[in-house]
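In what follows, a structure is listed as structure tokens, so that the remarks can point back to it.
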Amino acid sequence: DHLPALLAAMPKAELHMHIEGSLEPEMIFALAARNGVALPYASVDALRRAYAFTDLQSFLDIYYQGASVLLHEQDFYDTAQAYLARAATDNVVHAEIFFDPQTHTARGVPMGTVIRGLSRACAEAPQKHGLSATLILCFLRHLSEREAFETLETALPFREHFIGVGLDSSEVGHPPEKFARVFARCRELGFRIVAHAGEEGPPDYIWQALDVLKAERIDHGVQAVHDAVLMRRLGAGRVPLTVCPLSNQKLRVFPDLADHNLKALLDAGLCATVNADDPAYFGGYVNDNLRAVAAATGLTARHAYQLAANSFEASFADAAAKARWR
Ligand code: HPA
Ligand code: ZN
């Protein structure tokens with residue numbers, strides 16, 4: 001069976017990876033020691049044992065706690081640089097990386113500290129690791145639209161360091177329309193637009209992400225299968241879905257990976273891609289996700305090729321880069 005080797009070796013873009021979710025337990029402990037941050041876990045193993053999630057919120061509580069060890073520009077640089085080195089071993093040739101500035105500014109970390117550290121690692125990635133990397137700023141949807149506007153304002157002095165904005169954190173009860181005005185402003189400013197929708201939330205949230213926020217990609221989007229009209233819209237418009245199989249399994253969106261609908265999305269002609277979401281928390285990087293979902297759902301070499309092609313089509317890279325990858 002050559003499929004696992006094909007999945008691993010094929011060049012790919014990764015479009016749905018939260019940098020805070022790439023902090024491995026060992027790195028959390030090392031940064032905590034370096035920065036004198038107290039952790040409520042006795043050991044790396046004790047922390048890893050706490051990664052027993054039942055839904056999105058149970059994950060987010062631990063994920064925000066893990067991010068509390070990030071204080072200095074060097075911490076953000078080291079975290080991004082570790083992810084980029086690891087991504088290169090999965091033959092990722094382009095990464096669009098999410099970051100959650102409000103998780104850090106709420107603890108008194110300056111916006112410039114976050115963005116400069118991450119951006120420096122991305123700028124060095126072509127030389128150091130042979131891949132291109134850009135940043136997408138995500139607003140936390142459990143916070144207010146006012147706080148999202150304040151975050152945008154604070155980030156604008158660094159606007160050349162991120163290409164777009166997204167929406168993440170607790171989905172249910174925080175529909176995309178809550179952020180209509182701040183996303184309108186982001187569009188005026190020329191940012192690319194993505195949003196998490198239809199992970200745990202209903203198809204209506206995907207409609208809102210498309211029609212209200214004007215999202216160019218939907219992060220997750222797996223609940224779209226429950227709305228036939230929406231499926232036709234996503235297919236006809238080639239609206240990419242950045243799917244994260246191991247995340248969906250660990251957060252019990254599809255408790256059994258064999259029940260994951262990735263193959264159905266691909267066979268319906270949608271531009272679905274495979275991504276790691278939060279690799280340190282969900283048990284795998286992008287190739288681990290590809291291997292696991294392919295084995296569990298019976299993907300073919302044709303699906304593998306389509307996933308790689310979709311990842312490049314769905315990326316915000318320029319036309320020259322896309323032509324090189326074709
Ligand atoms: N969903 C929502 N918020 C997140 C996620 C996710 O999968 N990962 C990190 N923040
Ligand atoms: Zn995500």
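As shown in the structure tokens, the chain order sets the letters A, B, ...; within each chain, residues go from 1, and ligands are also counted from 1 in the order they appear.
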Next on the checklist: Quick one: residues within 10 Å of Ile218 of chain A, only C-alpha atoms, excluding same-chain residues fewer than 3 positions away - as number ranges by chain?
Outcome noted: A: 16, 166-167, 193-199, 206, 209-210, 215, 221-222, 234, 239-243, 272
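Residues lying within 10 Å of Thr151 of chain A, counting only C-alpha atoms and ignoring same-chain neighbours fewer than 6 positions away, are Pro101, Gln102, Thr105, Met111, Leu137, Cys138, Phe139, Leu140 and Glu145 of chain A.
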Near Ala228 of chain A, within 12 Å and counting only C-alpha atoms, which residues show up once chain neighbours fewer than 4 positions away are dropped, as a short mmCIF file (atom, residue, chain, number, x, y, z; two decimals) with N, CA and C atoms, in the first residue's frame?
data_model
loop_
_atom_site.label_atom_id
_atom_site.label_comp_id
_atom_site.auth_asym_id
_atom_site.auth_seq_id
_atom_site.Cartn_x
_atom_site.Cartn_y
_atom_site.Cartn_z
N PRO A 203 -25.23 24.70 10.13
CA PRO A 203 -24.99 25.22 8.79
C PRO A 203 -25.30 26.72 8.67
N GLN A 223 -20.09 20.65 9.16
CA GLN A 223 -21.56 20.56 9.35
C GLN A 223 -22.34 20.94 8.09
N ALA A 224 -21.64 21.38 7.04
CA ALA A 224 -22.31 21.75 5.79
C ALA A 224 -23.09 20.59 5.18
N ARG A 232 -24.29 22.86 -2.38
CA ARG A 232 -24.20 23.31 -3.78
C ARG A 232 -23.49 24.66 -3.88
N ARG A 233 -23.78 25.55 -2.93
CA ARG A 233 -23.11 26.87 -2.92
C ARG A 233 -21.60 26.71 -2.75
N LEU A 234 -21.18 25.86 -1.82
CA LEU A 234 -19.75 25.66 -1.56
C LEU A 234 -19.06 25.02 -2.75
N GLY A 235 -19.76 24.09 -3.39
CA GLY A 235 -19.18 23.41 -4.54
C GLY A 235 -19.08 24.33 -5.75
N LEU A 265 -17.23 15.03 1.32
CA LEU A 265 -17.02 16.41 0.86
C LEU A 265 -16.24 16.43 -0.44
N ALA A 268 -18.29 15.12 -3.34
CA ALA A 268 -19.31 16.09 -3.75
C ALA A 268 -18.69 17.24 -4.56
#
Next on the checklist: With DSSP run on the backbone, what are the strand (DSSP E or B) residues within segment 6-213 of chain A? I'd like them as a PyMOL selection string.
Outcome noted: chain A and resi 12-18+92-99+132-140+164-168+192-197
Item to check | Distance filter 8 Å around ligand 1, atoms: only C-alpha atoms and all ligand atoms, out as a PyMOL selection string | outcome: chain A and resi 17-18+20-21+56+60+63+140+167-171+196+199+220+244+247+277-278
Give me a file of those residues, with C-alpha atoms, as a JSON list (two decimals), in the first residue's frame.
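Here's the written file out_12.json:
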[["chain", "number", "residue", "atom", "x", "y", "z"],
["A", 17, "MET", "CA", -3.01, 25.64, 12.21],
["A", 18, "HIS", "CA", -3.15, 27.75, 15.37],
["A", 20, "GLU", "CA", -0.62, 28.40, 20.11],
["A", 21, "GLY", "CA", -1.83, 24.87, 19.38],
["A", 56, "LEU", "CA", -14.46, 22.27, 21.87],
["A", 60, "LEU", "CA", -10.07, 25.69, 24.73],
["A", 63, "TYR", "CA", -5.23, 25.56, 25.26],
["A", 140, "LEU", "CA", -11.78, 35.42, 19.76],
["A", 167, "LEU", "CA", -12.60, 34.04, 13.78],
["A", 168, "ASP", "CA", -12.05, 31.28, 16.34],
["A", 169, "SER", "CA", -12.75, 30.09, 19.92],
["A", 170, "SER", "CA", -16.17, 29.01, 21.32],
["A", 171, "GLU", "CA", -18.51, 28.71, 18.35],
["A", 196, "HIS", "CA", -14.28, 29.03, 11.74],
["A", 199, "GLU", "CA", -17.27, 22.83, 13.52],
["A", 220, "HIS", "CA", -13.82, 23.22, 9.51],
["A", 244, "CYS", "CA", -9.04, 18.92, 10.59],
["A", 247, "SER", "CA", -9.27, 17.63, 15.88],
["A", 277, "ASP", "CA", -5.62, 22.62, 13.72],
["A", 278, "ASP", "CA", -3.74, 22.22, 17.05]]
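Nearest to Tyr83 of chain A of all the residues A:Ile62, A:Ala121, A:Val225, A:Ala30 is A:Ala121, counting only C-alpha atoms.
For the set A:Cys186, A:Leu290, A:Ala133, A:Leu307, the residue with the smallest atom-to-atom gap to Gly269 of chain A is A:Leu307, counting only C-alpha atoms.
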Next on the checklist: So that I can check the secondary structure, give me every residue of segment 11-225 of chain A assigned alpha helix (DSSP H) by backbone DSSP, as JSON, numbers by chain.
Outcome noted: {"A": [25, 26, 27, 28, 29, 30, 31, 32, 33, 34, 35, 44, 45, 46, 47, 48, 49, 56, 57, 58, 59, 60, 61, 62, 63, 64, 65, 66, 73, 74, 75, 76, 77, 78, 79, 80, 81, 82, 83, 84, 85, 86, 87, 88, 89, 101, 102, 103, 104, 105, 111, 112, 113, 114, 115, 116, 117, 118, 119, 120, 121, 122, 123, 124, 125, 126, 127, 128, 129, 145, 146, 147, 148, 149, 150, 151, 152, 153, 154, 155, 180, 181, 182, 183, 184, 185, 186, 187, 188, 203, 204, 205, 206, 207, 208, 209, 210, 211]}
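Using only C-alpha atoms, the smallest distance between any of A:Asn248, A:Glu14, A:Asp318, A:Thr103 and Asp61 of chain A comes from A:Thr103.
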Next on the checklist: Neighbouring residues of His260 of chain A were defined as those with any atom within 8 Å, considering only C-alpha atoms; residues of the same chain fewer than 2 positions away were excluded. Please report them as an NGL selection string.
Outcome noted: :A and (245 or 254 or 256-258 or 262-263 or 293 or 297)
Next, the residues of the selection above should be written as a short mmCIF file (atom, residue, chain, number, x, y, z; two decimals), in the first residue's frame with N, CA and C atoms.
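selection-v6.cif written:
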data_model
loop_
_atom_site.label_atom_id
_atom_site.label_comp_id
_atom_site.auth_asym_id
_atom_site.auth_seq_id
_atom_site.Cartn_x
_atom_site.Cartn_y
_atom_site.Cartn_z
N PRO A 245 -9.19 16.47 10.61
CA PRO A 245 -9.78 15.20 11.05
C PRO A 245 -9.48 14.82 12.51
N PHE A 254 -16.73 13.96 15.25
CA PHE A 254 -16.90 12.60 14.73
C PHE A 254 -16.09 11.69 15.66
N ASP A 256 -15.73 8.62 16.03
CA ASP A 256 -15.02 7.57 15.30
C ASP A 256 -14.57 8.16 13.97
N LEU A 257 -13.24 8.14 13.76
CA LEU A 257 -12.69 8.73 12.54
C LEU A 257 -13.28 8.07 11.28
N ALA A 258 -13.69 6.81 11.41
CA ALA A 258 -14.30 6.12 10.27
C ALA A 258 -15.59 6.81 9.82
N LEU A 262 -14.97 13.66 5.36
CA LEU A 262 -14.04 14.24 4.38
C LEU A 262 -14.24 13.65 2.98
N LYS A 263 -14.34 12.32 2.90
CA LYS A 263 -14.49 11.71 1.57
C LYS A 263 -15.77 12.16 0.89
N VAL A 293 -6.89 9.78 8.51
CA VAL A 293 -8.21 9.88 7.88
C VAL A 293 -8.27 9.01 6.62
N THR A 297 -11.10 6.06 6.50
CA THR A 297 -12.25 6.27 5.62
C THR A 297 -12.02 5.73 4.20
#
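Counting only C-alpha atoms, His104 of chain A has the following residues at most 8 Å away, ignoring those fewer than 2 positions along the same chain: Ala67, Ser68, Leu70, Leu71, Asp100, Pro101, Gln102, Ala106, Arg107, Gly108, Val109, Pro110, Met111 and Val114 of chain A.
Counting only C-alpha atoms, the residue from A:Ala309, A:Ala148, A:Val212, A:Ile163 that sits nearest to Pro175 of chain A is A:Val212.
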Just the residues within 10 Å of Gly130 of chain A, please, counting only C-alpha atoms, with nothing from its chain fewer than 3 positions along; format it as an mmCIF file with N, CA and C atoms, in the first residue's frame.
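Saved result, out-v5.cif, follows:
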data_model
loop_
_atom_site.group_PDB
_atom_site.id
_atom_site.type_symbol
_atom_site.label_atom_id
_atom_site.label_comp_id
_atom_site.auth_asym_id
_atom_site.auth_seq_id
_atom_site.Cartn_x
_atom_site.Cartn_y
_atom_site.Cartn_z
ATOM 1 N N LEU A 84 7.522 25.524 12.118
ATOM 2 C CA LEU A 84 7.935 25.575 10.710
ATOM 3 C C LEU A 84 8.950 24.478 10.405
ATOM 4 N N ALA A 85 9.868 24.220 11.324
ATOM 5 C CA ALA A 85 10.834 23.128 11.140
ATOM 6 C C ALA A 85 10.100 21.796 11.039
ATOM 7 N N ALA A 88 8.087 21.451 7.718
ATOM 8 C CA ALA A 88 8.943 21.145 6.566
ATOM 9 C C ALA A 88 9.157 19.635 6.438
ATOM 10 N N ASN A 91 6.695 17.923 4.368
ATOM 11 C CA ASN A 91 6.634 18.442 2.996
ATOM 12 C C ASN A 91 5.571 19.516 2.799
ATOM 13 N N VAL A 92 5.347 20.293 3.862
ATOM 14 C CA VAL A 92 4.554 21.518 3.740
ATOM 15 C C VAL A 92 5.455 22.551 3.062
ATOM 16 N N VAL A 93 5.001 23.085 1.933
ATOM 17 C CA VAL A 93 5.803 24.097 1.229
ATOM 18 C C VAL A 93 5.249 25.502 1.418
ATOM 19 N N HIS A 94 4.051 25.598 2.028
ATOM 20 C CA HIS A 94 3.448 26.912 2.298
ATOM 21 C C HIS A 94 2.511 26.766 3.493
ATOM 22 N N GLU A 124 11.997 34.128 7.968
ATOM 23 C CA GLU A 124 13.199 33.294 7.827
ATOM 24 C C GLU A 124 12.895 31.911 7.250
ATOM 25 N N ALA A 125 11.616 31.539 7.192
ATOM 26 C CA ALA A 125 11.249 30.170 6.832
ATOM 27 C C ALA A 125 11.744 29.729 5.449
ATOM 28 N N PRO A 126 11.678 30.579 4.423
ATOM 29 C CA PRO A 126 12.155 30.110 3.111
ATOM 30 C C PRO A 126 13.622 29.685 3.147
ATOM 31 N N GLN A 127 14.481 30.511 3.735
ATOM 32 C CA GLN A 127 15.916 30.200 3.826
ATOM 33 C C GLN A 127 16.182 29.032 4.767
ATOM 34 N N ALA A 133 5.716 31.206 4.596
ATOM 35 C CA ALA A 133 4.771 31.233 5.713
ATOM 36 C C ALA A 133 4.247 32.647 5.904
#
